[in-house]
2 protein chains.
Amino acid sequence: MGASTFSEQHQITFYEADVTNTVTPAMLVNMIILASEHQTTALGVGSDVVAKQGLGWVVTQYKMDITRLPKADETITLTTRATCYNRYFAFREFWVHDSDGKECVHVESIWVTMDHETRKIVTIPANIIEPFESEKVKMIPRLARPKKLTDRDQLLSKKYRVRYFDIDGNGHVNNARYFDWLLDALPMSFLTRHDLTGINIRFENEVQYHHMVTSEATLLTDINEPIVTKHHIVTEDGGIATEAEFHWRPITNQQ
Amino acid sequence: MGASTFSEQHQITFYEADVTNTVTPAMLVNMIILASEHQTTALGVGSDVVAKQGLGWVVTQYKMDITRLPKADETITLTTRATCYNRYFAFREFWVHDSDGKECVHVESIWVTMDHETRKIVTIPANIIEPFESEKVKMIPRLARPKKLTDRDQLLSKKYRVRYFDIDGNGHVNNARYFDWLLDALPMSFLTRHDLTGINIRFENEVQYHHMVTSEATLLTDINEPIVTKHHIVTEDGGIATEAEFHWRPITNQQ
């Protein structure tokens, strides 16, 4: 018997899409998080219940395999399942399907429960995980770390100040904001000429309201390899907030 | 016989809300624009039809009266009507109602048709306005201009670089982005302690991808007057991109 799945539909709006009318990775993450919130609420263990125990769910990593990113006006189906978990980590999957039932995106994600006061990771309480009928395992699936930037990399770099509207209802910077900072470091000429085929992002340290962050990126240029960009976000004190790796496919003009 | 109205429902998501779980003005503008796009498409004069004539609809001003801004998870009804027009200007109204049918927001807006190549305002073509059954008038309602910042004002100021994801499917900076720049100039301590009661915003000049803009604001401090902040966005060459005025009410703690 597997973990219970939850699905909902969503019509992509123009303001969830970019200049090419394609859904932005940031908004896609918002949509899948919304679906998981609807599942947790439906199972009686929504964020209010978790907060009453002094805890909150936090994502530490997303790995996405992208067949194609849907376009504005498309109605997509978002499906999610809390596949398995151990003492400290929960492994949740998401799928995005188009209206023909074709898979567009598959997302694997790692979650932890964090104590609101100490900001430390704690054992996942049984009462908030059991309703998902997840498999209890010794080891959850291991996701590769994003490739690290090195001193030899030629960097693209942009600075961002954390804005009021970057902070969500939990009082923290919404995870989706990191995608905008990470990708905006790349030039528009690159972004409009390539389709995303994969994303691997790991959240290391929180950033704070009004702080400056630096988004640095490099394009791996080995001609025999797929197109990959490596990224990180650095905080004012030089710490790493986020590491990420994006995989790309050149857009070929079709008539 | 009045102009035809169009209504649709929308459930506000967490990612359309701010740290206080209140819908952001930027997202509210996106939602009303989406409703007007759905109306124009339903009447057979959607943006694709307008674009075929080499034109696009552009908003030059919004004036909003706000009873209350709805919260995340609320289902609101968005209603719009192209109330009246003359040779060059169309006057469109929007209403936001909550699930009890109470009016939350009333928006008045001024629209023009712009030639895509020359970027100049042109006479509104009859074929794209007639389906709305708008009243043809000599003068459309006049909206007051936002109060201007003066040399005597003590300024709050923040700089922003126009990002890739600020550009929408029309290839221009999405109007809603200006609301984030305008309001983010105010400190979080002010924003979380005041409710918006009114907005007046006028779009003067476009800003371009990768350019820097400066958002400047001041708080009018006449103790006998309502709380008003005056704002503008200045481009790199010193031109005014946007002028705005926001009206506020202190949040009183309720048990």
# chains A, B, ... in the order shown; residues from 1 in each chain; ligands from 1

call {"tool": "closest_atom_pairs", "arguments": {"of": "chain B", "to": "chain A", "cutoff": "6 Å", "atoms": "only C-alpha atoms", "output": "JSON lines"}}
result
{"residue": "B:Asp18", "atom": "CA", "partner": "A:Asp168", "partner_atom": "CA", "distance": 5.4}
{"residue": "B:Val19", "atom": "CA", "partner": "A:Gly169", "partner_atom": "CA", "distance": 4.1}
{"residue": "B:Thr20", "atom": "CA", "partner": "A:Gly169", "partner_atom": "CA", "distance": 5.8}
{"residue": "B:Asn21", "atom": "CA", "partner": "A:Gly169", "partner_atom": "CA", "distance": 5.2}
{"residue": "B:Tyr164", "atom": "CA", "partner": "A:Asp184", "partner_atom": "CA", "distance": 5.8}
{"residue": "B:Phe165", "atom": "CA", "partner": "A:Asp18", "partner_atom": "CA", "distance": 5.9}
{"residue": "B:Ile167", "atom": "CA", "partner": "A:Val19", "partner_atom": "CA", "distance": 5.6}
{"residue": "B:Asp168", "atom": "CA", "partner": "A:Val19", "partner_atom": "CA", "distance": 4.5}
{"residue": "B:Gly169", "atom": "CA", "partner": "A:Val19", "partner_atom": "CA", "distance": 4.1}
{"residue": "B:Gly171", "atom": "CA", "partner": "A:Val19", "partner_atom": "CA", "distance": 5.8}
{"residue": "B:Asp184", "atom": "CA", "partner": "A:Tyr164", "partner_atom": "CA", "distance": 5.8}

call {"tool": "write_last_selection", "arguments": {"atoms": "C-alpha atoms", "output": "compact mmCIF listing (two decimals), in the first residue's frame"}}
result
# COMPACT_ATOMS: atom_id res chain seq x y z
CA ASP B 18 2.30 39.32 1.96
CA VAL B 19 3.76 38.63 5.42
CA THR B 20 0.38 39.63 6.99
CA ASN B 21 -1.42 37.13 4.68
CA TYR B 164 14.24 39.18 -16.46
CA PHE B 165 11.12 38.03 -14.61
CA ILE B 167 9.13 41.41 -18.22
CA ASP B 168 5.80 39.91 -19.21
CA GLY B 169 4.55 38.15 -22.34
CA GLY B 171 7.81 42.15 -23.80
CA ASP B 184 9.15 48.45 -0.79

call {"tool": "residues_around", "arguments": {"residues": "Ala42 (chain A)", "least_positions_apart": "6", "cutoff": "12 Å", "atoms": "only C-alpha atoms", "output": "number ranges by chain"}}
result
A: 4-7, 35-36, 49, 131-132

call {"tool": "atom_distance", "arguments": {"atom1": "CA of Gly56 (chain B)", "atom2": "CA of Val112 (chain B)"}}
result
8.3 Å

call {"tool": "residues_around", "arguments": {"residues": "region 217-220 of chain A", "least_positions_apart": "4", "cutoff": "7 Å", "atoms": "only C-alpha atoms", "output": "PDB file with N, CA and C atoms, in the first residue's frame"}}
result
ATOM      1  N   ASP A 153      35.980  29.353 -12.094  1.00  0.00           N
ATOM      2  CA  ASP A 153      34.800  29.711 -12.889  1.00  0.00           C
ATOM      3  C   ASP A 153      34.732  31.214 -13.147  1.00  0.00           C
ATOM      4  N   GLN A 154      34.380  31.556 -14.382  1.00  0.00           N
ATOM      5  CA  GLN A 154      34.144  32.961 -14.727  1.00  0.00           C
ATOM      6  C   GLN A 154      32.712  33.291 -14.325  1.00  0.00           C
ATOM      7  N   LEU A 155      32.550  34.265 -13.434  1.00  0.00           N
ATOM      8  CA  LEU A 155      31.241  34.469 -12.802  1.00  0.00           C
ATOM      9  C   LEU A 155      30.413  35.580 -13.429  1.00  0.00           C
ATOM     10  N   LEU A 156      29.124  35.295 -13.553  1.00  0.00           N
ATOM     11  CA  LEU A 156      28.118  36.329 -13.758  1.00  0.00           C
ATOM     12  C   LEU A 156      27.583  36.639 -12.363  1.00  0.00           C
ATOM     13  N   SER A 157      27.363  37.915 -12.052  1.00  0.00           N
ATOM     14  CA  SER A 157      27.000  38.251 -10.677  1.00  0.00           C
ATOM     15  C   SER A 157      26.016  39.410 -10.637  1.00  0.00           C
ATOM     16  N   ALA A 185      20.545  36.070 -12.760  1.00  0.00           N
ATOM     17  CA  ALA A 185      21.991  36.291 -12.941  1.00  0.00           C
ATOM     18  C   ALA A 185      22.417  35.976 -14.378  1.00  0.00           C
ATOM     19  N   ILE A 227      24.241  21.327 -21.654  1.00  0.00           N
ATOM     20  CA  ILE A 227      24.434  22.698 -21.172  1.00  0.00           C
ATOM     21  C   ILE A 227      23.990  22.781 -19.713  1.00  0.00           C
ATOM     22  N   VAL A 228      24.931  23.162 -18.847  1.00  0.00           N
ATOM     23  CA  VAL A 228      24.639  23.259 -17.407  1.00  0.00           C
ATOM     24  C   VAL A 228      25.109  24.620 -16.904  1.00  0.00           C
ATOM     25  N   THR A 229      24.286  25.260 -16.062  1.00  0.00           N
ATOM     26  CA  THR A 229      24.762  26.438 -15.341  1.00  0.00           C
ATOM     27  C   THR A 229      24.812  26.102 -13.858  1.00  0.00           C
ATOM     28  N   LYS A 230      25.894  26.563 -13.200  1.00  0.00           N
ATOM     29  CA  LYS A 230      26.056  26.371 -11.752  1.00  0.00           C
ATOM     30  C   LYS A 230      25.816  27.716 -11.076  1.00  0.00           C
ATOM     31  N   HIS A 231      25.205  27.673  -9.920  1.00  0.00           N
ATOM     32  CA  HIS A 231      24.791  28.912  -9.251  1.00  0.00           C
ATOM     33  C   HIS A 231      24.954  28.805  -7.739  1.00  0.00           C
ATOM     34  N   HIS A 232      25.179  29.933  -7.102  1.00  0.00           N
ATOM     35  CA  HIS A 232      24.922  30.016  -5.659  1.00  0.00           C
ATOM     36  C   HIS A 232      24.499  31.428  -5.269  1.00  0.00           C
TER      37      HIS A 232
END

call {"tool": "residues_around", "arguments": {"residues": "Glu236 (chain B)", "least_positions_apart": "2", "cutoff": "8 Å", "atoms": "only C-alpha atoms", "output": "list in words"}}
result
His211, Met212, Val213, Thr214, Val234, Gly238 and Gly239 of chain B

call {"tool": "select_by_dssp", "arguments": {"residues": "region 89-169 of chain B", "states": "alpha helix (DSSP H)", "output": "number ranges by chain"}}
result
B: 126-129

call {"tool": "decode", "arguments": {"residues": "region 52-67 of chain B", "atoms": "all heavy atoms", "output": "mmCIF file, in the first residue's frame"}}
result
data_model
loop_
_atom_site.group_PDB
_atom_site.id
_atom_site.type_symbol
_atom_site.label_atom_id
_atom_site.label_comp_id
_atom_site.auth_asym_id
_atom_site.auth_seq_id
_atom_site.Cartn_x
_atom_site.Cartn_y
_atom_site.Cartn_z
ATOM 1 N N LYS B 52 -3.082 42.230 -33.991
ATOM 2 C CA LYS B 52 -3.115 42.103 -35.454
ATOM 3 C C LYS B 52 -3.309 43.463 -36.131
ATOM 4 O O LYS B 52 -2.961 43.635 -37.284
ATOM 5 C CB LYS B 52 -4.244 41.154 -35.877
ATOM 6 C CG LYS B 52 -3.782 39.695 -35.889
ATOM 7 C CD LYS B 52 -4.784 38.771 -36.561
ATOM 8 C CE LYS B 52 -4.447 37.320 -36.234
ATOM 9 N NZ LYS B 52 -5.605 36.569 -35.745
ATOM 10 N N GLN B 53 -3.892 44.430 -35.385
ATOM 11 C CA GLN B 53 -4.033 45.789 -35.912
ATOM 12 C C GLN B 53 -2.803 46.638 -35.556
ATOM 13 O O GLN B 53 -2.821 47.852 -35.715
ATOM 14 C CB GLN B 53 -5.316 46.433 -35.364
ATOM 15 C CG GLN B 53 -6.569 45.696 -35.815
ATOM 16 C CD GLN B 53 -7.864 46.311 -35.309
ATOM 17 O OE1 GLN B 53 -8.697 45.639 -34.722
ATOM 18 N NE2 GLN B 53 -8.044 47.622 -35.527
ATOM 19 N N GLY B 54 -1.773 45.976 -35.022
ATOM 20 C CA GLY B 54 -0.537 46.687 -34.687
ATOM 21 C C GLY B 54 -0.630 47.495 -33.405
ATOM 22 O O GLY B 54 0.179 48.387 -33.156
ATOM 23 N N LEU B 55 -1.649 47.175 -32.582
ATOM 24 C CA LEU B 55 -1.913 47.981 -31.380
ATOM 25 C C LEU B 55 -1.900 47.145 -30.107
ATOM 26 O O LEU B 55 -1.921 45.916 -30.151
ATOM 27 C CB LEU B 55 -3.303 48.643 -31.493
ATOM 28 C CG LEU B 55 -3.585 49.498 -32.741
ATOM 29 C CD1 LEU B 55 -5.027 49.977 -32.716
ATOM 30 C CD2 LEU B 55 -2.616 50.678 -32.784
ATOM 31 N N GLY B 56 -1.849 47.839 -28.981
ATOM 32 C CA GLY B 56 -2.018 47.206 -27.680
ATOM 33 C C GLY B 56 -2.697 48.162 -26.722
ATOM 34 O O GLY B 56 -2.528 49.378 -26.826
ATOM 35 N N TRP B 57 -3.505 47.621 -25.809
ATOM 36 C CA TRP B 57 -4.119 48.442 -24.757
ATOM 37 C C TRP B 57 -3.078 48.704 -23.667
ATOM 38 O O TRP B 57 -2.358 47.790 -23.262
ATOM 39 C CB TRP B 57 -5.294 47.702 -24.116
ATOM 40 C CG TRP B 57 -6.569 47.711 -24.898
ATOM 41 C CD1 TRP B 57 -7.126 46.662 -25.575
ATOM 42 C CD2 TRP B 57 -7.468 48.811 -25.060
ATOM 43 N NE1 TRP B 57 -8.302 47.029 -26.149
ATOM 44 C CE2 TRP B 57 -8.549 48.353 -25.851
ATOM 45 C CE3 TRP B 57 -7.477 50.141 -24.629
ATOM 46 C CZ2 TRP B 57 -9.614 49.173 -26.207
ATOM 47 C CZ3 TRP B 57 -8.545 50.956 -24.980
ATOM 48 C CH2 TRP B 57 -9.593 50.478 -25.761
ATOM 49 N N VAL B 58 -3.009 49.943 -23.201
ATOM 50 C CA VAL B 58 -2.060 50.315 -22.143
ATOM 51 C C VAL B 58 -2.818 51.106 -21.070
ATOM 52 O O VAL B 58 -3.610 51.999 -21.402
ATOM 53 C CB VAL B 58 -0.918 51.186 -22.720
ATOM 54 C CG1 VAL B 58 -0.010 51.711 -21.611
ATOM 55 C CG2 VAL B 58 -0.109 50.396 -23.743
ATOM 56 N N VAL B 59 -2.586 50.757 -19.813
ATOM 57 C CA VAL B 59 -3.192 51.504 -18.697
ATOM 58 C C VAL B 59 -2.311 52.712 -18.385
ATOM 59 O O VAL B 59 -1.088 52.570 -18.285
ATOM 60 C CB VAL B 59 -3.293 50.636 -17.428
ATOM 61 C CG1 VAL B 59 -3.915 51.435 -16.281
ATOM 62 C CG2 VAL B 59 -4.093 49.384 -17.688
ATOM 63 N N THR B 60 -2.914 53.880 -18.247
ATOM 64 C CA THR B 60 -2.123 55.056 -17.862
ATOM 65 C C THR B 60 -2.330 55.446 -16.403
ATOM 66 O O THR B 60 -1.484 56.114 -15.823
ATOM 67 C CB THR B 60 -2.461 56.277 -18.754
ATOM 68 O OG1 THR B 60 -3.836 56.619 -18.555
ATOM 69 C CG2 THR B 60 -2.221 55.960 -20.221
ATOM 70 N N GLN B 61 -3.459 55.055 -15.803
ATOM 71 C CA GLN B 61 -3.699 55.423 -14.399
ATOM 72 C C GLN B 61 -4.690 54.455 -13.744
ATOM 73 O O GLN B 61 -5.647 54.011 -14.380
ATOM 74 C CB GLN B 61 -4.240 56.869 -14.322
ATOM 75 C CG GLN B 61 -4.308 57.419 -12.908
ATOM 76 C CD GLN B 61 -4.557 58.930 -12.867
ATOM 77 O OE1 GLN B 61 -4.659 59.582 -13.907
ATOM 78 N NE2 GLN B 61 -4.673 59.479 -11.660
ATOM 79 N N TYR B 62 -4.417 54.155 -12.486
ATOM 80 C CA TYR B 62 -5.372 53.425 -11.629
ATOM 81 C C TYR B 62 -5.665 54.278 -10.403
ATOM 82 O O TYR B 62 -4.740 54.810 -9.783
ATOM 83 C CB TYR B 62 -4.774 52.124 -11.076
ATOM 84 C CG TYR B 62 -4.547 50.995 -12.029
ATOM 85 C CD1 TYR B 62 -3.261 50.623 -12.389
ATOM 86 C CD2 TYR B 62 -5.619 50.250 -12.526
ATOM 87 C CE1 TYR B 62 -3.023 49.554 -13.238
ATOM 88 C CE2 TYR B 62 -5.382 49.177 -13.379
ATOM 89 C CZ TYR B 62 -4.093 48.832 -13.727
ATOM 90 O OH TYR B 62 -3.869 47.772 -14.559
ATOM 91 N N LYS B 63 -6.946 54.349 -10.024
ATOM 92 C CA LYS B 63 -7.322 54.948 -8.743
ATOM 93 C C LYS B 63 -8.173 53.927 -8.002
ATOM 94 O O LYS B 63 -9.172 53.442 -8.532
ATOM 95 C CB LYS B 63 -8.093 56.246 -8.968
ATOM 96 C CG LYS B 63 -8.321 57.030 -7.697
ATOM 97 C CD LYS B 63 -8.851 58.430 -7.997
ATOM 98 C CE LYS B 63 -9.173 59.124 -6.686
ATOM 99 N NZ LYS B 63 -10.259 58.426 -5.930
ATOM 100 N N MET B 64 -7.734 53.567 -6.804
ATOM 101 C CA MET B 64 -8.412 52.503 -6.059
ATOM 102 C C MET B 64 -8.922 53.023 -4.722
ATOM 103 O O MET B 64 -8.177 53.673 -3.982
ATOM 104 C CB MET B 64 -7.447 51.356 -5.745
ATOM 105 C CG MET B 64 -6.739 50.801 -6.953
ATOM 106 S SD MET B 64 -5.914 49.243 -6.519
ATOM 107 C CE MET B 64 -4.877 49.074 -7.976
ATOM 108 N N ASP B 65 -10.186 52.708 -4.431
ATOM 109 C CA ASP B 65 -10.736 52.951 -3.101
ATOM 110 C C ASP B 65 -10.849 51.599 -2.418
ATOM 111 O O ASP B 65 -11.506 50.689 -2.934
ATOM 112 C CB ASP B 65 -12.111 53.621 -3.197
ATOM 113 C CG ASP B 65 -11.987 55.030 -3.734
ATOM 114 O OD1 ASP B 65 -11.220 55.815 -3.135
ATOM 115 O OD2 ASP B 65 -12.617 55.343 -4.758
ATOM 116 N N ILE B 66 -10.209 51.483 -1.264
ATOM 117 C CA ILE B 66 -10.074 50.179 -0.619
ATOM 118 C C ILE B 66 -10.820 50.163 0.710
ATOM 119 O O ILE B 66 -10.504 50.933 1.617
ATOM 120 C CB ILE B 66 -8.580 49.852 -0.396
ATOM 121 C CG1 ILE B 66 -7.837 49.821 -1.740
ATOM 122 C CG2 ILE B 66 -8.420 48.533 0.366
ATOM 123 C CD1 ILE B 66 -6.317 49.833 -1.624
ATOM 124 N N THR B 67 -11.826 49.323 0.811
ATOM 125 C CA THR B 67 -12.503 49.125 2.090
ATOM 126 C C THR B 67 -11.660 48.179 2.945
ATOM 127 O O THR B 67 -11.376 48.455 4.103
ATOM 128 C CB THR B 67 -13.912 48.542 1.877
ATOM 129 O OG1 THR B 67 -14.576 49.331 0.894
ATOM 130 C CG2 THR B 67 -14.710 48.524 3.168
#
